[in-house]
file input37.csv (CSV, C-alpha atoms and all ligand atoms)
chain,number,residue,atom,x,y,z
F,1423,MET,CA,5.7,-14.3,-14.8
F,1424,ASN,CA,3.7,-11.1,-15.2
F,1425,ALA,CA,0.8,-10.2,-12.9
F,1426,ARG,CA,-2.5,-10.6,-14.7
F,1427,SER,CA,-5.6,-8.6,-14.2
F,1428,SER,CA,-9.2,-9.9,-14.3
F,1429,THR,CA,-12.6,-8.4,-13.6
F,1430,THR,CA,-14.9,-10.7,-11.7
F,1431,THR,CA,-18.1,-11.4,-13.8
F,1432,LEU,CA,-20.5,-13.5,-11.7
F,1433,SER,CA,-17.6,-13.1,-9.4
F,1434,HIS,CA,-18.8,-9.5,-9.3
F,1435,LEU,CA,-19.6,-10.2,-5.7
F,1436,LEU,CA,-23.2,-9.6,-5.2
F,1437,LEU,CA,-23.6,-9.4,-1.5
F,1438,HIS,CA,-27.2,-8.8,-0.4
F,1439,GLY,CA,-29.0,-9.2,2.9
F,1440,VAL,CA,-27.5,-10.8,5.9
F,1441,SER,CA,-24.6,-13.2,5.5
F,1442,ARG,CA,-23.4,-15.7,8.0
F,1443,PRO,CA,-21.0,-14.1,10.5
F,1444,GLN,CA,-17.8,-15.6,12.0
F,1445,THR,CA,-18.2,-17.0,15.5
F,1446,GLY,CA,-18.9,-14.2,17.9
F,1447,ALA,CA,-19.2,-11.6,15.2
F,1448,LEU,CA,-22.2,-9.4,14.5
F,1449,PRO,CA,-24.3,-10.2,11.4
F,1450,ARG,CA,-23.2,-8.1,8.4
F,1451,LEU,CA,-25.5,-6.2,6.2
F,1452,PHE,CA,-24.7,-5.5,2.6
F,1453,SER,CA,-27.0,-3.9,0.2
F,1454,ARG,CA,-24.6,-2.7,-2.5
F,1455,ALA,CA,-23.4,-4.6,-5.5
F,1456,ILE,CA,-19.6,-4.9,-5.4
F,1457,SER,CA,-17.6,-5.0,-8.5
F,1458,GLN,CA,-13.9,-5.4,-8.1
F,1459,LYS,CA,-11.0,-5.9,-10.5
F,1460,THR,CA,-8.3,-8.2,-9.2
F,1461,TYR,CA,-4.7,-9.0,-10.2
F,1462,THR,CA,-3.1,-12.4,-10.0
F,1463,LEU,CA,0.3,-12.1,-8.3
F,1464,ASN,CA,3.3,-14.2,-9.2
F,1465,ASN,CA,2.4,-16.6,-6.3
F,1466,GLY,CA,-1.0,-17.3,-7.9
F,1467,THR,CA,-3.1,-15.4,-5.4
F,1468,LYS,CA,-5.6,-12.7,-6.3
F,1469,LEU,CA,-5.2,-9.1,-5.1
F,1470,PRO,CA,-8.1,-6.6,-5.3
F,1471,ALA,CA,-7.0,-3.7,-7.5
F,1472,ILE,CA,-8.4,-1.1,-5.1
F,1473,GLY,CA,-7.3,-1.4,-1.5
F,1474,PHE,CA,-7.7,0.6,1.6
F,1475,GLY,CA,-4.8,2.5,3.3
F,1476,THR,CA,-4.6,2.9,7.1
F,1477,PHE,CA,-1.6,5.2,7.7
F,1478,GLN,CA,-2.5,7.9,10.2
F,1479,ASP,CA,-5.6,8.8,12.2
F,1480,LYS,CA,-5.2,5.5,14.1
F,1481,GLU,CA,-8.0,6.2,16.6
F,1482,GLN,CA,-10.4,6.6,13.7
F,1483,GLN,CA,-9.3,3.5,11.8
F,1484,GLU,CA,-11.7,0.9,13.5
F,1485,GLY,CA,-14.6,3.0,12.2
F,1486,ALA,CA,-13.0,3.7,8.8
F,1487,VAL,CA,-12.1,0.1,8.1
F,1488,TYR,CA,-15.5,-1.0,9.2
F,1489,ALA,CA,-17.0,1.5,6.7
F,1490,ALA,CA,-14.6,0.4,4.0
F,1491,LEU,CA,-15.5,-3.2,4.4
F,1492,ASN,CA,-19.1,-2.4,4.3
F,1493,ALA,CA,-18.6,-0.3,1.2
F,1494,GLY,CA,-16.9,-3.3,-0.4
F,1495,PHE,CA,-13.2,-3.0,0.1
F,1496,ARG,CA,-11.6,-6.4,0.4
F,1497,HIS,CA,-7.9,-5.4,0.6
F,1498,ILE,CA,-6.7,-3.6,3.8
F,1499,ASP,CA,-3.1,-2.3,3.9
F,1500,THR,CA,-1.5,-1.8,7.3
F,1501,ALA,CA,2.0,-1.9,9.0
F,1502,LYS,CA,3.3,-2.5,12.4
F,1503,VAL,CA,4.6,1.0,12.6
F,1504,TYR,CA,1.1,2.5,11.9
F,1505,ASP,CA,-0.2,1.0,15.1
F,1506,THR,CA,-3.5,0.3,13.3
F,1507,GLU,CA,-3.4,-3.5,13.2
F,1508,GLU,CA,-5.4,-4.0,16.4
F,1509,PHE,CA,-8.2,-1.6,15.2
F,1510,ILE,CA,-8.3,-3.4,11.9
F,1511,GLY,CA,-8.6,-6.8,13.6
F,1512,ARG,CA,-11.6,-5.4,15.5
F,1513,ALA,CA,-13.2,-3.9,12.5
F,1514,ILE,CA,-12.9,-7.1,10.5
F,1515,ARG,CA,-14.5,-9.1,13.3
F,1516,LYS,CA,-17.3,-6.5,13.7
F,1517,ALA,CA,-18.0,-6.5,9.9
F,1518,GLY,CA,-18.0,-10.3,9.9
F,1519,VAL,CA,-16.3,-10.6,6.5
F,1520,PRO,CA,-15.0,-14.2,6.1
F,1521,ARG,CA,-11.2,-14.4,6.1
F,1522,ASN,CA,-11.0,-16.0,2.7
F,1523,GLU,CA,-12.8,-13.0,1.1
F,1524,LEU,CA,-10.1,-10.6,2.5
F,1525,PHE,CA,-6.6,-9.7,1.4
F,1526,LEU,CA,-4.5,-8.4,4.2
F,1527,THR,CA,-1.2,-6.6,3.8
F,1528,THR,CA,1.2,-5.7,6.6
F,1529,LYS,CA,4.8,-4.6,6.9
F,1530,LEU,CA,7.8,-5.5,9.0
F,1531,TRP,CA,9.4,-2.5,10.7
F,1532,CYS,CA,13.1,-1.9,10.5
F,1533,ASN,CA,14.0,-2.6,14.2
F,1534,ASP,CA,12.6,-6.2,13.6
F,1535,PHE,CA,14.9,-7.0,10.6
F,1536,HIS,CA,17.3,-9.4,12.5
F,1537,PRO,CA,16.4,-12.8,11.1
F,1538,ASP,CA,15.6,-14.1,14.6
F,1539,ASP,CA,13.1,-11.3,15.1
F,1540,VAL,CA,11.1,-11.6,11.8
F,1541,GLU,CA,8.8,-14.5,12.8
F,1542,PRO,CA,8.0,-13.2,16.3
F,1543,ALA,CA,7.2,-9.8,14.8
F,1544,LEU,CA,4.8,-11.4,12.3
F,1545,ASP,CA,3.2,-13.5,15.1
F,1546,GLU,CA,2.5,-10.3,17.1
F,1547,THR,CA,0.9,-8.8,14.0
F,1548,LEU,CA,-1.2,-11.9,13.3
F,1549,SER,CA,-2.5,-11.8,16.8
F,1550,LYS,CA,-3.5,-8.1,16.6
F,1551,LEU,CA,-5.2,-8.7,13.2
F,1552,ARG,CA,-6.8,-11.9,14.7
F,1553,THR,CA,-5.7,-14.0,11.8
F,1554,GLU,CA,-3.5,-17.1,11.2
F,1555,TYR,CA,-1.9,-15.8,8.1
F,1556,ILE,CA,-1.1,-12.7,6.2
F,1557,ASP,CA,-1.8,-12.4,2.4
F,1558,LEU,CA,1.2,-10.1,1.8
F,1559,PHE,CA,4.1,-9.4,4.1
F,1560,LEU,CA,6.3,-6.5,3.0
F,1561,MET,CA,9.7,-5.3,4.2
F,1562,HIS,CA,8.7,-1.6,4.9
F,1563,TYR,CA,12.1,-0.1,3.9
F,1564,PRO,CA,15.5,-1.6,2.9
F,1565,CYS,CA,17.3,0.0,6.0
F,1566,THR,CA,17.9,-2.1,9.0
F,1567,PHE,CA,17.8,-0.3,12.4
F,1568,LYS,CA,19.4,-1.4,15.6
F,1569,ARG,CA,17.7,-4.5,17.0
F,1570,GLY,CA,15.5,-4.0,20.1
F,1571,SER,CA,12.2,-2.5,21.2
F,1572,GLU,CA,12.9,1.1,20.0
F,1573,ARG,CA,11.3,1.7,16.6
F,1574,PHE,CA,13.5,4.7,15.9
F,1575,PRO,CA,16.7,3.9,17.8
F,1576,LYS,CA,18.6,7.2,17.5
F,1577,GLY,CA,21.9,7.8,19.3
F,1578,GLU,CA,22.7,10.8,21.5
F,1579,ASP,CA,23.9,12.5,18.3
F,1580,GLY,CA,20.4,12.2,16.9
F,1581,ILE,CA,21.5,9.8,14.2
F,1582,MET,CA,19.7,6.6,13.5
F,1583,GLN,CA,21.6,3.6,14.8
F,1584,MET,CA,21.7,0.8,12.3
F,1585,GLY,CA,21.6,-3.0,12.7
F,1586,GLU,CA,24.3,-5.5,11.9
F,1587,THR,CA,22.3,-7.7,9.5
F,1588,THR,CA,21.1,-6.7,6.0
F,1589,TYR,CA,17.8,-6.7,4.2
F,1590,VAL,CA,19.0,-9.8,2.4
F,1591,ASP,CA,19.2,-11.7,5.7
F,1592,THR,CA,15.7,-10.3,6.5
F,1593,TRP,CA,14.4,-11.4,3.1
F,1594,ARG,CA,15.6,-15.0,3.6
F,1595,ALA,CA,13.8,-15.1,7.0
F,1596,MET,CA,10.6,-13.9,5.3
F,1597,GLU,CA,11.0,-16.6,2.7
F,1598,LYS,CA,10.8,-19.2,5.5
F,1599,LEU,CA,7.4,-17.7,6.6
F,1600,VAL,CA,6.0,-18.5,3.1
F,1601,GLN,CA,7.2,-22.1,3.6
F,1602,LYS,CA,5.4,-22.2,7.0
F,1603,GLY,CA,2.2,-20.7,5.5
F,1604,LYS,CA,2.1,-17.7,7.8
F,1605,ALA,CA,2.7,-15.4,4.8
F,1606,LYS,CA,1.1,-16.2,1.4
F,1607,ALA,CA,3.2,-13.8,-0.4
F,1608,ILE,CA,6.2,-11.5,0.4
F,1609,GLY,CA,7.3,-8.3,-1.1
F,1610,VAL,CA,9.1,-5.0,-0.6
F,1611,SER,CA,8.4,-1.3,-0.2
F,1612,ASN,CA,10.6,1.7,-0.8
F,1613,PHE,CA,13.4,-0.3,-2.5
F,1614,SER,CA,15.8,1.0,-5.2
F,1615,LYS,CA,16.4,-1.0,-8.4
F,1616,GLY,CA,19.8,-2.0,-7.1
F,1617,GLU,CA,18.3,-3.3,-3.9
F,1618,VAL,CA,15.7,-5.4,-5.8
F,1619,ILE,CA,18.4,-6.8,-7.9
F,1620,ASN,CA,20.3,-7.8,-4.8
F,1621,LEU,CA,17.3,-9.8,-3.7
F,1622,PHE,CA,17.2,-11.5,-7.1
F,1623,ASP,CA,20.9,-12.4,-6.7
F,1624,HIS,CA,20.7,-13.6,-3.1
F,1625,GLY,CA,17.1,-14.7,-2.4
F,1626,SER,CA,15.0,-17.5,-3.8
F,1627,ILE,CA,11.6,-15.9,-4.0
F,1628,VAL,CA,10.9,-13.0,-6.5
F,1629,PRO,CA,9.0,-10.3,-4.6
F,1630,ALA,CA,5.3,-10.6,-5.4
F,1631,VAL,CA,4.7,-6.9,-4.9
F,1632,HIS,CA,6.6,-3.6,-4.6
F,1633,GLN,CA,4.6,-1.1,-2.7
F,1634,MET,CA,6.0,2.2,-3.8
F,1635,GLU,CA,5.2,5.9,-4.2
F,1636,LEU,CA,3.5,6.2,-7.6
F,1637,HIS,CA,1.1,8.9,-8.8
F,1638,PRO,CA,0.9,11.2,-11.8
F,1639,TYR,CA,3.6,13.5,-10.3
F,1640,LEU,CA,6.0,10.6,-9.9
F,1641,GLN,CA,5.5,8.1,-12.7
F,1642,GLN,CA,8.9,6.3,-12.7
F,1643,LYS,CA,8.3,4.8,-16.2
F,1644,SER,CA,11.4,2.9,-16.8
F,1645,PHE,CA,11.5,1.3,-13.3
F,1646,VAL,CA,7.9,0.2,-13.5
F,1647,GLU,CA,8.4,-1.3,-16.9
F,1648,TRP,CA,11.5,-3.2,-15.6
F,1649,GLN,CA,9.7,-4.5,-12.5
F,1650,LYS,CA,6.7,-5.6,-14.7
F,1651,SER,CA,9.1,-7.6,-16.9
F,1652,LYS,CA,10.3,-9.4,-13.8
F,1653,GLY,CA,6.8,-10.3,-12.6
F,1654,ILE,CA,6.7,-7.9,-9.7
F,1655,HIS,CA,3.3,-6.3,-9.2
F,1656,MET,CA,3.3,-2.6,-8.3
F,1657,MET,CA,1.0,-1.1,-5.6
F,1658,HIS,CA,0.7,2.7,-5.5
F,1659,PHE,CA,1.1,4.2,-2.1
F,1660,SER,CA,0.1,7.8,-1.6
F,1661,PRO,CA,-1.8,7.4,-4.9
F,1662,LEU,CA,-3.2,10.9,-4.4
F,1663,ALA,CA,0.3,12.3,-4.0
F,1664,ASN,CA,0.5,15.4,-1.8
F,1665,GLN,CA,-3.1,15.2,-0.7
F,1666,ASN,CA,-1.7,13.7,2.4
F,1667,ASN,CA,-0.7,16.7,4.6
F,1668,PHE,CA,1.9,14.5,6.4
F,1669,TYR,CA,4.2,15.4,3.5
F,1670,ARG,CA,3.8,19.1,4.1
F,1671,ASP,CA,4.3,18.8,7.9
F,1672,ILE,CA,6.9,16.1,8.6
F,1673,TYR,CA,10.3,17.4,9.7
F,1674,TRP,CA,12.3,15.6,7.0
F,1675,ALA,CA,10.2,16.9,4.2
F,1676,THR,CA,11.9,19.1,1.7
F,1677,GLY,CA,9.1,21.5,1.0
F,1678,LYS,CA,8.4,19.6,-2.3
F,1679,ALA,CA,4.8,18.9,-1.2
F,1680,ASN,CA,4.0,22.5,-0.6
F,1681,THR,CA,2.8,23.0,-4.2
F,1682,THR,CA,-0.5,22.5,-6.0
F,1683,HIS,CA,-2.4,19.5,-4.6
F,1684,LEU,CA,-2.5,16.8,-7.3
F,1685,ILE,CA,-6.3,16.6,-7.2
F,1686,ASP,CA,-6.4,20.4,-8.0
F,1687,GLU,CA,-4.7,19.8,-11.3
F,1688,PRO,CA,-6.9,21.2,-14.1
F,1689,ILE,CA,-6.0,18.2,-16.3
F,1690,LEU,CA,-7.4,15.7,-13.8
F,1691,LYS,CA,-10.5,17.9,-13.3
F,1692,GLU,CA,-11.1,18.1,-17.1
F,1693,ILE,CA,-10.7,14.3,-17.5
F,1694,GLY,CA,-12.9,13.7,-14.5
F,1695,ASP,CA,-15.7,16.0,-15.8
F,1696,LYS,CA,-15.6,14.0,-19.1
F,1697,HIS,CA,-16.2,10.7,-17.3
F,1698,GLY,CA,-18.4,12.0,-14.5
F,1699,LYS,CA,-15.7,11.3,-11.9
F,1700,SER,CA,-13.6,13.4,-9.5
F,1701,PRO,CA,-9.9,14.2,-10.0
F,1702,ALA,CA,-9.1,11.8,-7.1
F,1703,GLN,CA,-10.9,9.0,-9.0
F,1704,VAL,CA,-9.0,9.9,-12.2
F,1705,ALA,CA,-5.7,9.5,-10.3
F,1706,LEU,CA,-6.7,6.1,-9.0
F,1707,ALA,CA,-8.1,5.0,-12.4
F,1708,TRP,CA,-4.7,5.9,-13.9
F,1709,GLY,CA,-3.0,3.4,-11.7
F,1710,LEU,CA,-5.5,0.7,-12.7
F,1711,ALA,CA,-5.2,1.6,-16.4
F,1712,ASN,CA,-1.4,0.8,-16.0
F,1713,GLY,CA,-2.2,-2.6,-14.5
F,1714,ARG,CA,-1.2,-1.6,-10.9
F,1715,SER,CA,-3.1,-1.5,-7.7
F,1716,VAL,CA,-3.9,1.5,-5.5
F,1717,ILE,CA,-4.5,1.9,-1.7
F,1718,PRO,CA,-6.1,5.3,-1.0
F,1719,LYS,CA,-6.6,6.2,2.6
F,1720,SER,CA,-9.6,8.0,3.9
F,1721,VAL,CA,-11.6,8.4,7.1
F,1722,VAL,CA,-14.5,10.2,5.4
F,1723,ASP,CA,-17.4,8.1,4.4
F,1724,TRP,CA,-18.2,9.6,1.0
F,1725,GLN,CA,-14.5,9.6,0.0
F,1726,ILE,CA,-14.2,5.9,1.0
F,1727,LYS,CA,-17.1,5.0,-1.3
F,1728,GLN,CA,-15.9,7.3,-4.1
F,1729,ASN,CA,-12.4,5.8,-4.0
F,1730,LEU,CA,-13.9,2.3,-4.5
F,1731,GLU,CA,-15.7,3.5,-7.6
F,1732,SER,CA,-12.5,4.4,-9.4
F,1733,ASP,CA,-12.4,1.5,-11.8
F,1734,PHE,CA,-13.3,3.0,-15.1
F,1735,PRO,CA,-11.5,3.2,-18.5
F,1736,LEU,CA,-9.4,6.1,-19.5
F,1737,ASP,CA,-8.9,7.0,-23.2
F,1738,GLU,CA,-5.5,7.1,-24.8
F,1739,GLU,CA,-5.8,10.9,-24.9
F,1740,ASP,CA,-6.5,11.0,-21.2
F,1741,MET,CA,-3.4,8.8,-20.6
F,1742,GLU,CA,-1.2,11.1,-22.6
F,1743,LYS,CA,-2.5,14.2,-20.7
F,1744,ILE,CA,-1.8,12.5,-17.4
F,1745,GLY,CA,1.6,11.4,-18.6
F,1746,SER,CA,2.4,15.1,-19.0
F,1747,LEU,CA,1.9,15.7,-15.3
F,1748,ASP,CA,5.1,13.7,-14.4
F,1749,LYS,CA,7.4,16.0,-12.4
F,1750,GLY,CA,9.6,13.3,-10.8
F,1751,LEU,CA,8.2,14.6,-7.5
F,1752,ARG,CA,8.9,12.2,-4.6
F,1753,PHE,CA,7.2,13.2,-1.4
F,1754,ASN,CA,8.1,10.2,0.8
F,1755,ASP,CA,11.9,10.4,1.3
F,1756,PRO,CA,13.0,10.0,4.9
F,1757,SER,CA,16.7,9.3,3.8
F,1758,SER,CA,18.1,11.9,6.2
F,1759,ALA,CA,16.1,10.6,9.2
F,1760,TYR,CA,16.8,6.9,8.5
F,1761,ASN,CA,20.5,7.3,7.8
F,1762,TRP,CA,20.1,5.5,4.4
F,1763,LYS,CA,20.2,6.8,0.9
F,1764,LEU,CA,16.8,5.6,-0.2
F,1765,TYR,CA,15.8,5.4,-3.9
F,1766,SER,CA,19.4,6.1,-4.8
F,1767,ASP,CA,19.0,5.0,-8.5
F,1768,LEU,CA,15.4,6.2,-8.9
F,1769,GLU,CA,13.7,9.4,-10.0
F,1770,GLY,CA,13.0,12.1,-7.4
F,1771,ALA,CA,15.6,10.8,-4.9
F,1772,TRP,CA,16.8,13.2,-2.2
F,1773,SER,CA,20.2,13.7,-3.8
F,1774,LYS,CA,18.8,14.6,-7.2
P,1801,LIG,N1,5.0,1.7,2.2
P,1801,LIG,C1,5.1,2.9,2.6
P,1801,LIG,O1,6.2,3.4,3.0
P,1801,LIG,C2,3.9,3.8,2.6
P,1801,LIG,C3,4.0,5.2,2.7
P,1801,LIG,C4,2.8,6.0,2.7
P,1801,LIG,C5,1.6,5.4,2.6
P,1801,LIG,N2,1.5,4.0,2.5
P,1801,LIG,C6,0.2,3.3,2.4
P,1801,LIG,O2,-0.6,3.9,1.4
P,1801,LIG,C7,-1.8,4.4,1.9
P,1801,LIG,C8,-2.3,5.7,1.1
P,1801,LIG,O3,-1.3,6.7,1.1
P,1801,LIG,P1,-1.5,8.0,2.0
P,1801,LIG,O4,-2.3,7.8,3.1
P,1801,LIG,O5,-0.1,8.6,2.2
P,1801,LIG,O6,-2.2,9.0,0.9
P,1801,LIG,P2,-3.4,9.0,-0.1
P,1801,LIG,O7,-4.3,7.8,0.1
P,1801,LIG,O8,-2.8,9.3,-1.4
P,1801,LIG,O9,-4.1,10.3,0.4
P,1801,LIG,C9,-4.8,10.4,1.6
P,1801,LIG,C10,-5.3,11.8,1.8
P,1801,LIG,O10,-6.3,12.1,0.7
P,1801,LIG,C11,-7.6,12.4,1.3
P,1801,LIG,N3,-8.5,11.7,0.4
P,1801,LIG,C12,-8.8,10.4,0.3
P,1801,LIG,N4,-9.7,10.1,-0.7
P,1801,LIG,C13,-10.1,11.3,-1.2
P,1801,LIG,C14,-11.0,11.7,-2.2
P,1801,LIG,N5,-11.7,10.8,-2.9
P,1801,LIG,N6,-11.1,13.1,-2.5
P,1801,LIG,C15,-10.3,14.0,-1.8
P,1801,LIG,N7,-9.5,13.7,-0.8
P,1801,LIG,C16,-9.3,12.3,-0.5
P,1801,LIG,C17,-7.5,11.8,2.7
P,1801,LIG,O11,-8.4,12.6,3.4
P,1801,LIG,P3,-9.0,12.0,4.8
P,1801,LIG,O12,-8.0,11.2,5.5
P,1801,LIG,O13,-9.4,13.3,5.6
P,1801,LIG,O14,-10.2,11.2,4.5
P,1801,LIG,C18,-6.1,12.0,3.1
P,1801,LIG,O15,-5.9,13.4,3.4
P,1801,LIG,C19,-1.5,4.7,3.4
P,1801,LIG,O16,-2.6,4.9,4.2
P,1801,LIG,C20,-0.7,3.5,3.7
P,1801,LIG,O17,-1.5,2.4,3.9
P,1801,LIG,C21,2.6,3.2,2.5

call {"tool": "encode", "arguments": {"input": "input37.csv", "output": "structure tokens"}}
result
Amino acid sequence: MNARSSTTTLSHLLLHGVSRPQTGALPRLFSRAISQKTYTLNNGTKLPAIGFGTFQDKEQQEGAVYAALNAGFRHIDTAKVYDTEEFIGRAIRKAGVPRNELFLTTKLWCNDFHPDDVEPALDETLSKLRTEYIDLFLMHYPCTFKRGSERFPKGEDGIMQMGETTYVDTWRAMEKLVQKGKAKAIGVSNFSKGEVINLFDHGSIVPAVHQMELHPYLQQKSFVEWQKSKGIHMMHFSPLANQNNFYRDIYWATGKANTTHLIDEPILKEIGDKHGKSPAQVALAWGLANGRSVIPKSVVDWQIKQNLESDFPLDEEDMEKIGSLDKGLRFNDPSSAYNWKLYSDLEGAWSK
């Protein structure tokens, strides 16, 4: 089944004035009209097309998520390894957005991949987020690290120590959480095509979402078409590409990010000028035009608002021009640090 898109009509959520807060929460004030496209995932649930990323700047995330919720974001993306779940839980409570209006995504980290550790890890996350269920639970990477409390369990030789179980065992444990209702949908992140096929062969649930690096510099056309045909919705992480300075600074980076920032590309500027939008908004609109969701991160108020206003149509000519920006440039590739050949059959892999 393919993910379907819809734009809410009356369901353009018009939130005005003061709405009823959850117990103990502050009243919430909304004065802006919120218009949000959604996609229907292969489990039937609706995912807002534009979500909010929370990787980095953890001490600023409570304020940023609060601002994002007030601006109208209804999908928040986090992960155990970001250490932002607790801040997000607080921001949601403060904003008083009812749980059933929110879509929350989190990710299982690689030292919790032993099947017996999966449910306790999610329970800890749910408690930090102050919720009884997660809308989307993702396996953060396909590599299994040594079981235990260390998130990056390296040996004395500096090499990552791997676990004894595989991501297929982890997937089956995640499937049980869907049956229990603790996760509405499950999916993957940073998987290769071969690894997705392995889940098809040995699991019983088709991943609802693949959260993967996608932006005009890394378009992965054949892989995205194949996943779409299998009913897997794709969510762009780092949708602004090398705008995130992390990719310039991190020790495993290959220097690939030290080139022109995507949002400084003259083609995006020219298209943006035509539509009265910024280059960043064009990069996000390109994801939506392809039927995929995006999760830009920002801690700056005007950028947060601007990112939510990125649902506008691009012309065929715009799409062709953006298509020409594809360089197979993958910025997020910690293969050497994680002791695992990530993206091995995909574009822009470390070995290519
Ligand atoms: N699954 C995974 O392995 C994985 C990997 C990476 C990311 N993610 C998820 O994807 C989210 C987004 O990716 P990302 O954080 O790497 O990068 P991103 O959202 O593509 O870019 C973030 C950078 O762009 C800036 N920015 C945001 N909006 C802007 C705008 N309108 N104009 C100009 N600059 C703007 C931000 O600045 P400020 O921060 O200064 O506001 C920040 O420096 C993450 O936060 C995380 O939730 C997942």

call {"tool": "closest_atom_pairs", "arguments": {"input": "input37.csv", "of": "chain F", "to": "ligand LIG 1801 (chain P)", "cutoff": "7 Å", "atoms": "only C-alpha atoms and all ligand atoms", "output": "Markdown table"}}
result
| residue | atom | partner | partner_atom | distance |
| --- | --- | --- | --- | --- |
| F:Phe1474 | CA | P:LIG1801 | O17 | 6.9 |
| F:Gly1475 | CA | P:LIG1801 | O17 | 3.4 |
| F:Thr1476 | CA | P:LIG1801 | O16 | 4.1 |
| F:Phe1477 | CA | P:LIG1801 | O16 | 3.7 |
| F:Gln1478 | CA | P:LIG1801 | O16 | 6.7 |
| F:Asp1499 | CA | P:LIG1801 | O17 | 5.0 |
| F:Thr1500 | CA | P:LIG1801 | O17 | 5.4 |
| F:His1562 | CA | P:LIG1801 | N1 | 5.6 |
| F:Tyr1563 | CA | P:LIG1801 | O1 | 6.9 |
| F:Ser1611 | CA | P:LIG1801 | N1 | 5.1 |
| F:Asn1612 | CA | P:LIG1801 | O1 | 6.1 |
| F:Gln1633 | CA | P:LIG1801 | N1 | 5.7 |
| F:Met1634 | CA | P:LIG1801 | N1 | 6.1 |
| F:Phe1659 | CA | P:LIG1801 | O2 | 3.9 |
| F:Ser1660 | CA | P:LIG1801 | O3 | 3.2 |
| F:Pro1661 | CA | P:LIG1801 | O8 | 4.1 |
| F:Leu1662 | CA | P:LIG1801 | O8 | 3.4 |
| F:Ala1663 | CA | P:LIG1801 | O8 | 5.0 |
| F:Asn1664 | CA | P:LIG1801 | O8 | 6.9 |
| F:Gln1665 | CA | P:LIG1801 | O10 | 4.7 |
| F:Asn1666 | CA | P:LIG1801 | C10 | 4.1 |
| F:Asn1667 | CA | P:LIG1801 | O15 | 6.3 |
| F:Ala1702 | CA | P:LIG1801 | N5 | 5.0 |
| F:Gln1703 | CA | P:LIG1801 | N5 | 6.4 |
| F:Ile1717 | CA | P:LIG1801 | C7 | 5.1 |
| F:Pro1718 | CA | P:LIG1801 | O7 | 3.3 |
| F:Lys1719 | CA | P:LIG1801 | O7 | 3.8 |
| F:Ser1720 | CA | P:LIG1801 | O14 | 3.3 |
| F:Val1721 | CA | P:LIG1801 | O14 | 4.1 |
| F:Val1722 | CA | P:LIG1801 | O14 | 4.5 |
| F:Gln1725 | CA | P:LIG1801 | N5 | 4.2 |
| F:Ile1726 | CA | P:LIG1801 | N4 | 6.4 |
| F:Gln1728 | CA | P:LIG1801 | N5 | 5.6 |
| F:Asn1729 | CA | P:LIG1801 | N5 | 5.2 |
| F:Asn1754 | CA | P:LIG1801 | C3 | 6.7 |

call {"tool": "closest_residue", "arguments": {"input": "input37.csv", "among": "F:Asp1723, F:Asp1538, F:Asp1755, F:Asp1748", "to": "Tyr1488 (chain F)", "atoms": "only C-alpha atoms"}}
result
F:Asp1723

call {"tool": "atom_distance", "arguments": {"input": "input37.csv", "atom1": "CA of Pro1564 (chain F)", "atom2": "CA of Asp1505 (chain F)"}}
result
20.1 Å

call {"tool": "closest_residue", "arguments": {"input": "input37.csv", "among": "F:Phe1645, F:Tyr1760, F:Trp1708, F:Tyr1765", "to": "Lys1743 (chain F)", "atoms": "all atoms listed in the file"}}
result
F:Trp1708

call {"tool": "atom_distance", "arguments": {"input": "input37.csv", "atom1": "CA of Leu1558 (chain F)", "atom2": "CA of Gly1511 (chain F)"}}
result
15.7 Å

call {"tool": "residues_around", "arguments": {"input": "input37.csv", "residues": "Ile1627 (chain F)", "least_positions_apart": "6", "cutoff": "9 Å", "atoms": "all atoms listed in the file", "output": "list in words"}}
result
Trp1593, Arg1594, Glu1597, Ile1608 and Leu1621 of chain F

call {"tool": "closest_residue", "arguments": {"input": "input37.csv", "among": "F:Tyr1555, F:Tyr1461, F:Phe1613, F:Phe1509", "to": "Trp1762 (chain F)", "atoms": "only C-alpha atoms"}}
result
F:Phe1613

call {"tool": "atom_distance", "arguments": {"input": "input37.csv", "atom1": "CA of Ser1626 (chain F)", "atom2": "CA of Leu1544 (chain F)"}}
result
20.0 Å

call {"tool": "axis_aligned_box", "arguments": {"input": "input37.csv", "around": "region 1678-1686 of chain F", "padding_each_side": "8 Å", "output": "AutoDock Vina command-line options"}}
result
--center_x 1.0 --center_y 19.8 --center_z -4.3 --size_x 30.8 --size_y 22.4 --size_z 23.4

call {"tool": "closest_residue", "arguments": {"input": "input37.csv", "among": "F:Thr1676, F:Ser1571, F:Asn1522, F:Ser1651", "to": "Asn1464 (chain F)", "atoms": "all atoms listed in the file"}}
result
F:Ser1651

call {"tool": "residues_near_point", "arguments": {"input": "input37.csv", "point": "(4.2, -17.1, -3.9)", "cutoff": "7 Å", "atoms": "only C-alpha atoms", "output": "number ranges by chain"}}
result
F: 1464-1466, 1606-1607, 1630
